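Novice: What follows is structure22.txt; its format and atoms are compact mmCIF, C-alpha atoms.
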# COMPACT_ATOMS: atom_id res chain seq x y z
CA MET A 588 5.42 244.92 141.59
CA ALA A 589 4.74 248.20 143.30
CA TRP A 590 6.21 251.26 141.64
CA ASP A 591 9.16 252.85 143.33
CA TRP A 592 11.46 255.62 142.24
CA THR A 593 14.66 253.57 142.46
CA TRP A 594 16.58 254.08 139.23
CA ARG A 595 16.92 251.03 137.01
CA PRO A 596 19.23 250.67 134.01
CA TYR A 597 17.60 250.14 130.64
CA VAL A 598 20.61 248.81 128.78
CA GLY A 599 18.60 247.94 125.69
CA VAL A 600 17.67 251.58 125.26
CA TRP A 601 21.25 252.70 125.66
CA ILE A 602 22.34 250.22 122.99
CA LEU A 603 19.61 251.44 120.63
CA VAL A 604 20.62 255.06 121.14
CA LEU A 605 24.29 254.25 120.55
CA LEU A 606 23.44 252.30 117.40
CA MET A 607 21.39 255.22 116.09
CA ALA A 608 24.21 257.61 116.86
CA ALA A 609 26.61 255.36 115.00
CA GLY A 610 24.19 255.11 112.11
CA TYR A 611 23.93 258.88 112.00
CA THR A 612 27.67 259.21 111.82
CA GLN A 613 27.60 257.00 108.74
CA LEU A 614 24.83 259.08 107.20
CA VAL A 615 26.84 262.23 107.73
CA ARG A 616 29.89 260.67 106.12
CA TYR A 617 27.71 259.48 103.26
CA GLY A 618 26.68 263.09 102.74
CA GLY A 619 30.22 264.39 102.59
CA GLY A 620 31.18 264.89 106.20
CA TRP A 621 30.38 266.94 109.25
CA ARG A 622 30.90 270.33 107.65
CA ASN A 623 27.85 269.55 105.50
CA ALA A 624 25.78 268.69 108.52
CA GLY A 625 25.64 272.27 109.76
CA TRP A 626 22.92 272.84 112.34
CA ARG A 627 21.28 269.55 111.51
CA TRP A 628 23.46 267.46 113.79
CA GLY A 629 21.98 269.47 116.65
CA SER A 630 18.50 268.48 115.53
CA PHE A 631 19.49 264.84 115.33
CA LEU A 632 21.09 264.97 118.76
CA THR A 633 17.96 266.56 120.20
CA GLY A 634 15.78 263.95 118.53
CA LEU A 635 17.96 261.22 119.91
CA GLY A 636 17.74 262.78 123.35
CA VAL A 637 13.94 262.93 123.10
CA LEU A 638 13.86 259.29 122.05
CA TRP A 639 16.15 258.33 124.90
CA VAL A 640 14.01 260.15 127.46
CA GLY A 641 10.89 258.54 126.04
CA LEU A 642 12.23 255.01 126.20
CA ASP A 643 14.44 255.02 129.27
CA TRP A 644 13.56 254.97 132.97
CA PRO A 645 11.28 256.40 134.39
CA ILE A 646 9.02 257.13 131.41
CA GLY A 647 9.71 253.77 129.80
CA ALA A 648 9.00 251.89 133.00
CA LEU A 649 5.87 253.82 133.93
CA ALA A 650 4.52 253.59 130.40
CA ALA A 651 5.17 249.87 130.15
CA GLY A 652 3.14 248.81 133.10
CA TYR A 653 1.74 251.48 135.34
CA LEU A 654 0.14 254.56 133.83
CA ALA A 655 -1.76 255.03 130.59
CA SER A 656 -1.07 258.75 130.72
CA VAL A 657 2.68 258.17 130.73
CA HIS A 658 2.23 255.67 127.90
CA MET A 659 0.69 258.56 125.99
CA VAL A 660 3.57 260.88 126.85
CA GLN A 661 5.86 258.18 125.53
CA PHE A 662 3.87 258.05 122.29
CA LEU A 663 4.18 261.81 121.85
CA LEU A 664 7.93 261.70 122.42
CA VAL A 665 8.72 258.58 120.41
CA GLY A 666 6.03 258.74 117.75
CA LEU A 667 5.69 262.46 117.04
CA ILE A 668 8.51 264.59 118.36
CA ALA A 669 11.62 262.43 118.00
CA PRO A 670 10.98 261.39 114.36
CA VAL A 671 10.71 264.93 112.98
CA LEU A 672 13.89 266.00 114.80
CA LEU A 673 15.75 262.92 113.61
CA LEU A 674 14.67 263.50 110.01
CA LEU A 675 15.57 267.17 110.17
CA GLY A 676 18.96 266.08 111.43
CA ILE A 677 19.90 264.29 108.23
CA PRO A 678 22.13 266.58 106.17
CA GLU A 679 20.75 267.72 102.81
CA PRO A 680 23.72 266.29 100.88
CA THR A 681 22.85 262.91 102.40
CA TYR A 682 19.27 263.22 101.20
CA GLU A 683 20.56 264.22 97.76
CA ARG A 684 22.68 261.08 97.60
CA PHE A 685 19.52 259.07 98.32
CA ARG A 686 18.14 260.63 95.18
CA GLY A 687 20.98 259.10 93.20
CA HIS A 688 19.90 255.56 94.06
CA SER A 689 17.14 254.63 91.67
CA THR A 690 15.80 251.71 93.72
CA LEU A 691 15.79 253.68 96.94
CA ARG A 692 14.19 256.62 95.16
CA ARG A 693 11.46 254.37 93.74
CA VAL A 694 10.73 252.87 97.14
CA LEU A 695 10.65 256.26 98.80
CA THR A 696 8.38 257.64 96.11
CA ARG A 697 5.81 254.99 96.88
CA VAL A 698 6.22 254.56 100.61
CA THR A 699 6.45 258.25 101.50
CA HIS A 700 3.58 259.47 99.35
CA PRO A 701 1.53 261.78 101.63
CA LEU A 702 -1.63 259.73 101.24
CA VAL A 703 0.27 256.58 102.14
CA THR A 704 2.03 258.12 105.09
CA ILE A 705 -1.00 259.74 106.69
CA VAL A 706 -3.01 256.54 106.38
CA ALA A 707 -0.13 254.40 107.64
CA PHE A 708 0.49 256.68 110.60
CA ASN A 709 -3.13 256.58 111.65
CA ILE A 710 -3.41 252.83 111.17
CA ILE A 711 -0.38 252.45 113.42
CA LEU A 712 -1.90 254.91 115.88
CA VAL A 713 -5.14 252.97 116.12
CA PHE A 714 -3.43 249.57 116.12
CA THR A 715 -1.00 250.47 118.90
CA HIS A 716 -3.80 251.90 121.03
CA TRP A 717 -6.30 249.09 120.44
CA PRO A 718 -6.96 247.59 123.89
CA THR A 719 -6.46 243.95 122.89
CA ILE A 720 -3.21 244.81 121.13
CA VAL A 721 -1.93 246.95 123.96
CA ASP A 722 -2.76 244.34 126.62
CA THR A 723 -1.18 241.57 124.55
CA LEU A 724 2.00 243.34 123.55
CA MET A 725 2.62 245.26 126.76
CA ALA A 726 2.73 241.98 128.68
CA SER A 727 6.28 241.41 127.45
CA GLN A 728 9.38 243.53 126.96
CA ALA A 729 9.58 242.45 123.34
CA GLY A 730 5.97 243.44 122.73
CA SER A 731 6.45 246.77 124.43
CA PHE A 732 9.55 247.38 122.33
CA ALA A 733 7.59 246.47 119.21
CA ILE A 734 5.03 249.15 120.01
CA ASP A 735 7.79 251.71 120.54
CA MET A 736 9.40 250.86 117.23
CA LEU A 737 6.05 250.98 115.42
CA TRP A 738 5.56 254.47 116.79
CA LEU A 739 9.02 255.53 115.66
CA PHE A 740 8.45 254.04 112.23
CA GLY A 741 4.99 255.55 111.88
CA GLY A 742 6.22 258.95 112.98
CA THR A 743 9.13 258.79 110.54
CA LEU A 744 6.75 257.97 107.71
CA PHE A 745 4.38 260.74 108.74
CA TRP A 746 6.99 263.49 108.78
CA TRP A 747 8.96 262.31 105.76
CA PRO A 748 6.97 264.07 103.02
CA LEU A 749 7.09 267.30 105.03
CA VAL A 750 10.74 267.27 105.98
CA SER A 751 12.69 265.31 103.41
CA PRO A 752 13.48 266.77 99.98
CA VAL A 753 13.58 263.25 98.53
CA PRO A 754 11.66 262.46 96.49
CA THR A 755 10.74 265.81 95.04
CA ARG A 756 7.01 266.36 95.20
CA PRO A 757 6.17 269.56 93.35
CA GLY A 758 2.48 268.79 93.70
CA PHE A 759 2.73 268.69 97.48
CA THR A 760 2.39 272.43 97.82
CA TYR A 761 2.28 274.44 101.01
CA PRO A 762 -1.53 274.50 101.12
CA LEU A 763 -1.60 270.72 100.74
CA LYS A 764 1.02 270.31 103.44
CA LEU A 765 -1.15 272.38 105.74
CA VAL A 766 -4.17 270.25 104.84
CA TYR A 767 -2.08 267.13 105.55
CA LEU A 768 -1.25 268.32 109.04
CA ILE A 769 -4.72 269.66 109.83
CA ALA A 770 -6.26 266.40 108.65
CA ASN A 771 -4.13 264.53 111.12
CA THR A 772 -5.31 266.71 113.98
CA ILE A 773 -8.84 265.62 113.08
CA LEU A 774 -8.04 261.96 112.56
CA SER A 775 -6.57 261.63 116.04
CA THR A 776 -9.87 262.75 117.54
CA ALA A 777 -11.32 259.24 117.56
CA PRO A 778 -8.75 257.69 119.94
CA PHE A 779 -8.96 260.80 122.10
CA LEU A 780 -12.73 260.49 122.41
CA TYR A 781 -12.52 256.78 123.10
CA LEU A 782 -10.00 257.16 125.89
CA THR A 783 -11.40 260.28 127.46
CA PHE A 784 -15.07 259.39 127.46
CA SER A 785 -15.08 255.64 128.00
CA GLN A 786 -17.15 254.73 131.04
CA LEU A 787 -14.66 252.09 132.15
CA PRO A 788 -10.91 251.54 131.84
CA VAL A 789 -10.11 250.13 128.43
CA TYR A 790 -6.63 248.72 129.09
CA ALA A 791 -6.30 245.80 131.51
CA THR A 792 -2.57 246.52 131.60
CA TYR A 793 -3.14 249.79 133.41
CA GLU A 794 -6.39 248.94 135.18
CA LEU A 795 -4.74 246.05 137.01
CA ALA A 796 -1.39 247.74 137.54
CA PRO A 797 -0.21 248.64 141.03
CA PRO A 798 -1.34 252.16 141.83
CA VAL A 799 1.04 255.08 141.44
CA GLY A 800 0.08 257.88 143.74
CA TRP A 801 -3.63 258.34 144.16
CA ILE A 802 -4.68 259.00 140.58
CA THR A 803 -7.56 256.66 139.78
CA LYS A 804 -7.49 254.43 136.72
CA GLN A 805 -10.29 256.44 135.17
CA GLN A 806 -8.48 259.72 135.76
CA ASP A 807 -5.29 258.25 134.35
CA GLN A 808 -7.09 257.12 131.21
CA GLN A 809 -8.81 260.45 130.75
CA LEU A 810 -5.51 262.20 131.18
CA ALA A 811 -4.05 259.93 128.51
CA GLY A 812 -6.77 260.97 126.08
CA ILE A 813 -6.32 264.64 126.85
CA LEU A 814 -2.55 264.40 126.48
CA MET A 815 -2.98 262.73 123.13
CA LYS A 816 -5.21 265.51 121.90
CA LEU A 817 -3.48 268.50 123.44
CA GLY A 818 0.06 267.21 123.16
CA GLY A 819 -0.39 265.95 119.66
CA GLY A 820 -2.20 269.12 118.76
CA LEU A 821 0.62 271.24 120.10
CA VAL A 822 3.17 269.40 117.98
CA LEU A 823 1.06 269.48 114.84
CA TRP A 824 -0.02 273.08 115.19
CA THR A 825 3.57 274.12 115.79
CA ALA A 826 4.43 272.46 112.51
CA ILE A 827 1.43 274.11 110.85
CA THR A 828 2.59 277.50 112.09
CA VAL A 829 6.14 276.97 110.88
CA LEU A 830 4.94 275.81 107.47
CA PHE A 831 2.52 278.69 107.22
CA PHE A 832 5.27 281.24 107.74
CA GLN A 833 7.54 279.39 105.34
CA TRP A 834 4.76 279.62 102.78
CA TYR A 835 4.23 283.29 103.56
CA ARG A 836 7.92 284.01 103.05
CA ALA A 837 8.00 281.96 99.87
CA GLU A 838 5.02 283.83 98.45
CA GLY A 839 6.67 287.13 99.29
CA GLN A 840 9.72 286.41 97.22
CA PRO A 841 9.72 287.40 93.56
CA MET B 1325 -12.54 235.54 132.96
CA ARG B 1326 -12.73 231.91 134.04
CA GLU B 1327 -15.69 229.58 133.70
CA SER B 1328 -18.82 231.50 134.55
CA THR B 1329 -21.75 230.63 136.71
CA GLN B 1330 -25.35 231.54 136.42
CA ASP B 1331 -27.31 233.50 138.92
CA LYS B 1332 -30.96 232.94 139.69
CA THR B 1333 -32.05 234.80 136.58
CA GLY B 1334 -29.92 232.58 134.39
CA ASP B 1335 -27.60 235.39 133.41
CA GLU B 1336 -23.95 234.47 133.47
CA LEU B 1337 -21.85 235.74 136.32
CA ARG B 1338 -18.28 236.42 135.41
CA GLY B 1339 -16.79 235.30 138.69
CA THR B 1340 -15.25 231.90 139.29
CA ARG B 1341 -17.61 229.21 140.51
CA LEU B 1342 -16.59 227.74 143.85
CA ALA B 1343 -16.27 223.97 143.99
CA SER B 1344 -18.88 223.95 146.74
CA PRO B 1345 -20.90 226.80 148.25
CA ILE B 1346 -19.47 228.33 151.41
CA PRO B 1347 -22.04 229.15 154.08
CA ARG B 1348 -22.00 232.70 155.37
CA PRO B 1349 -19.65 232.46 158.34
CA ASP B 1350 -20.58 233.55 161.81
CA PHE B 1351 -17.57 235.38 163.20
CA SER B 1352 -16.98 238.59 165.08
CA LEU B 1353 -14.05 240.96 164.77
CA ILE B 1354 -13.47 244.59 165.65
CA ASP B 1355 -14.51 247.22 163.12
CA THR B 1356 -12.70 250.49 162.49
CA GLY B 1357 -14.88 252.25 165.02
CA GLY B 1358 -13.66 249.92 167.74
CA SER B 1359 -16.94 248.02 168.03
CA GLU B 1360 -17.59 244.35 167.67
CA PHE B 1361 -18.86 243.45 164.21
CA ASN B 1362 -20.65 240.15 163.71
CA PHE B 1363 -20.26 239.31 160.05
CA HIS B 1364 -23.30 237.03 159.76
CA ALA B 1365 -25.75 239.32 161.50
CA ARG B 1366 -24.54 242.56 159.99
CA THR B 1367 -24.31 241.40 156.40
CA ASP B 1368 -27.31 239.10 156.21
CA GLY B 1369 -29.65 240.40 153.52
CA TYR B 1370 -26.87 242.06 151.57
CA ALA B 1371 -24.71 240.88 148.73
CA THR B 1372 -21.42 240.85 150.58
CA LEU B 1373 -17.93 241.01 149.16
CA LEU B 1374 -15.38 239.68 151.64
CA PHE B 1375 -11.68 240.19 151.12
CA PHE B 1376 -8.60 239.47 153.20
CA GLY B 1377 -5.69 241.81 152.62
CA TYR B 1378 -3.53 244.48 154.16
CA THR B 1379 -3.06 248.18 153.66
CA ASN B 1380 0.63 248.01 152.78
CA CYS B 1381 -0.13 245.60 149.97
CA PRO B 1382 1.56 246.94 146.83
CA ASP B 1383 -0.88 245.72 144.25
CA VAL B 1384 -3.65 243.14 144.75
CA CYS B 1385 -5.44 244.83 147.63
CA PRO B 1386 -5.55 248.41 146.36
CA VAL B 1387 -6.47 247.27 142.86
CA HIS B 1388 -9.33 245.10 144.14
CA MET B 1389 -10.64 247.84 146.41
CA ALA B 1390 -10.29 250.52 143.75
CA ASN B 1391 -12.04 248.45 141.10
CA ILE B 1392 -14.91 247.52 143.42
CA ALA B 1393 -15.29 251.12 144.49
CA ALA B 1394 -15.28 252.34 140.91
CA ALA B 1395 -17.82 249.70 139.89
CA LEU B 1396 -20.12 250.62 142.78
CA GLY B 1397 -19.98 254.16 141.50
CA ARG B 1398 -21.23 252.97 138.14
CA VAL B 1399 -24.07 250.65 139.15
CA GLY B 1400 -27.48 251.98 140.08
CA TRP B 1401 -28.33 253.28 143.51
CA ARG B 1402 -30.60 250.31 144.23
CA THR B 1403 -27.75 247.90 143.62
CA ARG B 1404 -25.23 249.93 145.55
CA GLN B 1405 -27.50 250.08 148.59
CA ARG B 1406 -27.66 246.31 148.70
CA VAL B 1407 -23.93 245.63 148.60
CA LYS B 1408 -21.54 245.52 151.52
CA VAL B 1409 -17.80 245.31 151.15
CA VAL B 1410 -15.88 243.86 154.08
CA PHE B 1411 -12.12 244.04 154.31
CA VAL B 1412 -10.33 241.94 156.93
CA THR B 1413 -6.72 242.73 157.61
CA THR B 1414 -4.13 240.00 157.48
CA ASP B 1415 -1.52 242.32 158.99
CA PRO B 1416 -2.89 243.19 162.40
CA ASP B 1417 0.40 244.57 163.72
CA ARG B 1418 0.60 247.42 161.21
CA ASP B 1419 -3.09 247.69 160.31
CA THR B 1420 -4.64 249.32 163.32
CA PRO B 1421 -8.36 250.11 163.03
CA GLU B 1422 -7.46 253.76 162.42
CA ARG B 1423 -5.03 252.85 159.69
CA ILE B 1424 -7.58 250.54 158.05
CA ARG B 1425 -10.22 253.27 158.12
CA GLU B 1426 -7.90 255.85 156.61
CA TRP B 1427 -6.90 253.43 153.86
CA LEU B 1428 -10.43 252.26 153.03
CA ASP B 1429 -11.73 255.84 152.96
CA ARG B 1430 -9.47 256.49 150.00
CA PHE B 1431 -11.60 254.03 148.04
CA ASP B 1432 -15.06 254.22 149.58
CA SER B 1433 -16.08 255.34 153.03
CA SER B 1434 -18.83 252.70 153.13
CA PHE B 1435 -16.31 249.85 153.02
CA ILE B 1436 -16.18 247.97 156.31
CA GLY B 1437 -12.80 247.23 157.81
CA LEU B 1438 -12.25 244.51 160.39
CA HIS B 1439 -9.33 243.84 162.70
CA GLY B 1440 -8.54 240.72 164.67
CA THR B 1441 -5.59 238.79 165.95
CA THR B 1442 -3.65 236.58 163.58
CA ALA B 1443 -5.23 233.51 165.17
CA GLU B 1444 -8.76 234.91 164.91
CA VAL B 1445 -8.34 235.80 161.24
CA ALA B 1446 -6.72 232.44 160.51
CA ALA B 1447 -9.73 230.68 162.01
CA VAL B 1448 -12.08 232.61 159.75
CA GLN B 1449 -9.94 231.89 156.71
CA ALA B 1450 -9.94 228.20 157.57
CA GLU B 1451 -13.73 228.19 157.84
CA LEU B 1452 -13.89 229.82 154.42
CA LYS B 1453 -11.42 227.30 153.00
CA LEU B 1454 -9.00 230.09 152.19
CA PRO B 1455 -5.26 229.66 152.59
CA ARG B 1456 -3.86 231.08 155.77
CA SER B 1457 -1.98 234.34 155.42
CA VAL B 1458 1.77 234.03 155.47
CA MET B 1459 3.86 236.46 157.47
CA PRO B 1460 7.61 236.70 156.87
CA HIS B 1461 10.00 235.67 159.61
CA ASP B 1462 11.33 239.19 159.94
CA THR B 1463 8.56 241.71 160.48
CA THR B 1464 10.78 244.66 161.26
CA GLY B 1465 10.73 247.35 158.60
CA ASP B 1466 8.80 246.86 155.37
CA TYR B 1467 7.46 243.41 154.63
CA ASP B 1468 4.85 241.77 152.43
CA VAL B 1469 2.13 239.41 153.64
CA GLY B 1470 1.09 236.45 151.52
CA HIS B 1471 -2.67 236.22 151.38
CA ALA B 1472 -5.54 234.90 149.32
CA ALA B 1473 -6.13 237.18 146.39
CA GLN B 1474 -9.76 236.42 145.70
CA VAL B 1475 -12.87 238.27 146.81
CA LEU B 1476 -15.63 236.01 148.07
CA ALA B 1477 -19.13 237.04 147.07
CA PHE B 1478 -22.04 236.08 149.31
CA SER B 1479 -25.57 236.41 147.97
CA PRO B 1480 -28.00 238.40 150.14
CA SER B 1481 -29.41 235.45 151.99
CA GLY B 1482 -27.26 232.59 150.95
CA PRO B 1483 -23.79 231.16 150.73
CA ALA B 1484 -20.88 232.24 148.60
CA ILE B 1485 -20.94 230.44 145.28
CA VAL B 1486 -18.60 232.64 143.36
CA ALA B 1487 -15.20 234.20 143.89
CA TYR B 1488 -13.43 236.97 142.07
CA PRO B 1489 -9.71 236.50 141.58
CA PHE B 1490 -7.20 239.25 141.10
CA GLY B 1491 -7.60 240.36 137.52
CA THR B 1492 -11.32 240.97 137.88
CA ARG B 1493 -11.96 244.16 136.02
CA GLN B 1494 -14.35 246.98 136.70
CA ALA B 1495 -16.44 245.87 133.74
CA ASP B 1496 -16.86 242.46 135.38
CA TRP B 1497 -17.95 244.01 138.67
CA VAL B 1498 -20.37 246.36 136.94
CA HIS B 1499 -21.85 243.34 135.17
CA ASP B 1500 -22.06 241.07 138.22
CA LEU B 1501 -23.03 243.33 141.11
CA PRO B 1502 -26.64 243.81 139.94
CA LEU B 1503 -26.91 240.06 139.55
CA LEU B 1504 -25.38 239.31 142.94
CA VAL B 1505 -27.94 241.44 144.78
CA GLN B 1506 -30.85 239.51 143.31
So that I can check it, write out the structure of this file as structure tokens.

Specialist:
Amino acid sequence: MAWDWTWRPYVGVWILVLLMAAGYTQLVRYGGGWRNAGWRWGSFLTGLGVLWVGLDWPIGALAAGYLASVHMVQFLLVGLIAPVLLLLGIPEPTYERFRGHSTLRRVLTRVTHPLVTIVAFNIILVFTHWPTIVDTLMASQAGSFAIDMLWLFGGTLFWWPLVSPVPTRPGFTYPLKLVYLIANTILSTAPFLYLTFSQLPVYATYELAPPVGWITKQQDQQLAGILMKLGGGLVLWTAITVLFFQWYRAEGQP
Amino acid sequence: MRESTQDKTGDELRGTRLASPIPRPDFSLIDTGGSEFNFHARTDGYATLLFFGYTNCPDVCPVHMANIAAALGRVGWRTRQRVKVVFVTTDPDRDTPERIREWLDRFDSSFIGLHGTTAEVAAVQAELKLPRSVMPHDTTGDYDVGHAAQVLAFSPSGPAIVAYPFGTRQADWVHDLPLLVQ
């Protein structure tokens, strides 16, 4: 079907956003109420807004079946930007209550270890950008949704050791956090190179999609690769900068 | 891709084998310059890709044209020089020769565009054993035209033995074009 700019409702996205908002309300209550949330509820709301924009029309529609470059924008929003904002939005008292649950703490200790999370994130990145996987899953709404949720999950894992105070990781010092982030800027180079410098379109989904404007399939794919590198780099280097100054301030205190 | 067929060198073509070869048809229509274009005479000696579509087509036609154009940009000069792409409109009311030229130039200025009456085009399609294009009852405003979605490939001096359905990718064209010109 040819692309047109007629708005279409994405009710499934609205339901997801409402469910997440409801879940957040419970998390806030679990942490002792809204007065403990402070500025964090603003971060969660922003993260939810980013997620909504990334999944709803028009980005969701264009990403699902028309443009690889918009698919990449969606990945940046859903897989990198929304997760860190959502995690930052959880009140500290809520995190501290997580610490009180021994089973949850044990699971988090294993699952959110920095080595586990960086590997998992990059496995998810490669898997959800593998041409056969993309062409298979993007052929259905359920498959497309599965990719979106994998991104959200992978991004949440990736940011967890940097953002969440639970579990405590005294060995994960500022220098190591910076190495963690810098390493990820390097690891994402492979998909960028593949997309940007492939001689031919790699995704049948987008190669055979009705044209949108006059961008060629090759240009669209190259743009996707560049967006992945530059957009992802912008997010990661922003985080690196923030952490660096946090470290600087921490070192300056007696 | 579907079952493949071998070219003269024995390499596998990725197009779909036709049940029986289709001789190169001898028909004349008007090209985008307003001149008569005899398909048989003007394409004999070239690997010729023949496609029936229309410029307001939302998907099949622009994707086919774009993929062929991109593939021609990737194959060697020798191959490119020996390929002709002929587009015949199935929507003669909206697709004037000027409109066809403008549309084809967005893909490749070497693509040949042909215009004829509905009856003339239907006769050619029948000779090629292609389904006749289907116009809607109401042709005021925007409308879609039902048409065959495959590209017929004629060898330089012979019949068409292979067709390329919608879904043929640039990689398939890049693979097959050098084989088709042999």

Novice: Neighbourhood query: residues within 10 Å of (10.8, 251.5, 130.4), file coordinates, counting all atoms listed in the file; return as a list in words.

Specialist: Arg595, Pro596, Tyr597, Gly599, Val600, Val640, Gly641, Leu642, Asp643, Trp644, Pro645, Ile646, Gly647, Ala648, Leu649, Ala650, Ala651, Gly652, His658, Gln661, Gln728, Ser731 and Phe732 of chain A

Novice: What lies within 10 Å of Gly1357 (chain B) using only C-alpha atoms, ignoring chain neighbours under 4 positions off, as an mmCIF file with C-alpha atoms, keeping the file's coordinate frame?

Specialist:
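Dumped to selection20.cif:
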data_model
loop_
_atom_site.group_PDB
_atom_site.id
_atom_site.type_symbol
_atom_site.label_atom_id
_atom_site.label_comp_id
_atom_site.auth_asym_id
_atom_site.auth_seq_id
_atom_site.Cartn_x
_atom_site.Cartn_y
_atom_site.Cartn_z
ATOM 1 C CA PHE B 1361 -18.860 243.450 164.210
ATOM 2 C CA PRO B 1421 -8.360 250.110 163.030
ATOM 3 C CA GLU B 1422 -7.460 253.760 162.420
ATOM 4 C CA ARG B 1425 -10.220 253.270 158.120
ATOM 5 C CA ILE B 1436 -16.180 247.970 156.310
ATOM 6 C CA GLY B 1437 -12.800 247.230 157.810
ATOM 7 C CA LEU B 1438 -12.250 244.510 160.390
#

Novice: For chain B, which residues have at least one atom within 10 Å of chain A, if we go by only C-alpha atoms? Write them as a short mmCIF file (atom, residue, chain, number, x, y, z; two decimals) with C-alpha atoms, keeping the file's coordinate frame, please.

Specialist:
data_model
loop_
_atom_site.label_atom_id
_atom_site.label_comp_id
_atom_site.auth_asym_id
_atom_site.auth_seq_id
_atom_site.Cartn_x
_atom_site.Cartn_y
_atom_site.Cartn_z
CA CYS B 1381 -0.13 245.60 149.97
CA PRO B 1382 1.56 246.94 146.83
CA ASP B 1383 -0.88 245.72 144.25
CA VAL B 1384 -3.65 243.14 144.75
CA CYS B 1385 -5.44 244.83 147.63
CA PRO B 1386 -5.55 248.41 146.36
CA VAL B 1387 -6.47 247.27 142.86
CA HIS B 1388 -9.33 245.10 144.14
CA ALA B 1390 -10.29 250.52 143.75
CA ASN B 1391 -12.04 248.45 141.10
CA ALA B 1394 -15.28 252.34 140.91
CA ALA B 1395 -17.82 249.70 139.89
CA ARG B 1398 -21.23 252.97 138.14
CA ARG B 1430 -9.47 256.49 150.00
CA PHE B 1431 -11.60 254.03 148.04
CA PHE B 1490 -7.20 239.25 141.10
CA GLY B 1491 -7.60 240.36 137.52
CA THR B 1492 -11.32 240.97 137.88
CA ARG B 1493 -11.96 244.16 136.02
CA GLN B 1494 -14.35 246.98 136.70
CA ALA B 1495 -16.44 245.87 133.74
CA VAL B 1498 -20.37 246.36 136.94
#

Novice: Set the distance at 10 Å and use only C-alpha atoms: which residues neighbour Gly636 (chain A) once local chain neighbours fewer than 2 positions away are removed? I'd like the list as an MDAnalysis selection string.

Specialist: chainID A and resid 604 630:634 638:642 664 669 672:673

Novice: Could you tell me how far CA of Trp746 (chain A) sits from CA of Gly625 (chain A), in Å to one decimal place?

Specialist: 20.6 Å

Novice: Between CA of Leu1454 (chain B) and CA of Tyr1378 (chain B), measure the distance and give it in Å to one decimal.

Specialist: 15.5 Å

Novice: From the set B:Ala1487, B:Phe1375, B:Thr1464, B:Phe1435, which residue has the shortest atom-to-atom contact distance to Leu1504 (chain B), counting only C-alpha atoms?

Specialist: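 Using only C-alpha atoms, Leu1504 (chain B) sits closest to B:Ala1487.
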
Novice: Expressed in Å to a single decimal, how great is the separation between CA of Pro748 (chain A) and CA of Leu763 (chain A)?

Specialist: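 Distance between the two atoms: 11.1 Å.
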
Novice: If we count all atoms listed in the file and set the cut-off at 12 Å, which residues sit around region 825-828 of chain A, ignoring sequence neighbours fewer than 4 positions away in its own chain? Please answer as an MDAnalysis selection string.

Specialist: chainID A and resid 667:668 671:672 746 749:750 761:772 817:821 832:835

Novice: Save out the residues we just selected, C-alpha atoms, as a PDB file, keeping the file's coordinate frame.

Specialist:
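For reference, result_5.pdb as written:
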ATOM      1  CA  LEU A 667       5.690 262.460 117.040  1.00  0.00           C
ATOM      2  CA  ILE A 668       8.510 264.590 118.360  1.00  0.00           C
ATOM      3  CA  VAL A 671      10.710 264.930 112.980  1.00  0.00           C
ATOM      4  CA  LEU A 672      13.890 266.000 114.800  1.00  0.00           C
ATOM      5  CA  TRP A 746       6.990 263.490 108.780  1.00  0.00           C
ATOM      6  CA  LEU A 749       7.090 267.300 105.030  1.00  0.00           C
ATOM      7  CA  VAL A 750      10.740 267.270 105.980  1.00  0.00           C
ATOM      8  CA  TYR A 761       2.280 274.440 101.010  1.00  0.00           C
ATOM      9  CA  PRO A 762      -1.530 274.500 101.120  1.00  0.00           C
ATOM     10  CA  LEU A 763      -1.600 270.720 100.740  1.00  0.00           C
ATOM     11  CA  LYS A 764       1.020 270.310 103.440  1.00  0.00           C
ATOM     12  CA  LEU A 765      -1.150 272.380 105.740  1.00  0.00           C
ATOM     13  CA  VAL A 766      -4.170 270.250 104.840  1.00  0.00           C
ATOM     14  CA  TYR A 767      -2.080 267.130 105.550  1.00  0.00           C
ATOM     15  CA  LEU A 768      -1.250 268.320 109.040  1.00  0.00           C
ATOM     16  CA  ILE A 769      -4.720 269.660 109.830  1.00  0.00           C
ATOM     17  CA  ALA A 770      -6.260 266.400 108.650  1.00  0.00           C
ATOM     18  CA  ASN A 771      -4.130 264.530 111.120  1.00  0.00           C
ATOM     19  CA  THR A 772      -5.310 266.710 113.980  1.00  0.00           C
ATOM     20  CA  LEU A 817      -3.480 268.500 123.440  1.00  0.00           C
ATOM     21  CA  GLY A 818       0.060 267.210 123.160  1.00  0.00           C
ATOM     22  CA  GLY A 819      -0.390 265.950 119.660  1.00  0.00           C
ATOM     23  CA  GLY A 820      -2.200 269.120 118.760  1.00  0.00           C
ATOM     24  CA  LEU A 821       0.620 271.240 120.100  1.00  0.00           C
ATOM     25  CA  PHE A 832       5.270 281.240 107.740  1.00  0.00           C
ATOM     26  CA  GLN A 833       7.540 279.390 105.340  1.00  0.00           C
ATOM     27  CA  TRP A 834       4.760 279.620 102.780  1.00  0.00           C
ATOM     28  CA  TYR A 835       4.230 283.290 103.560  1.00  0.00           C
TER      29      TYR A 835
END

Novice: Name the residues, using the chain letters and numbers of the file, that sit within 7 Å of (-17.3, 229.0, 145.8) when counting all atoms listed in the file, and give them as a list in words.

Specialist: Arg1341, Leu1342, Ala1343, Ser1344, Pro1345, Ile1346, Ala1484, Ile1485, Val1486 and Ala1487 of chain B
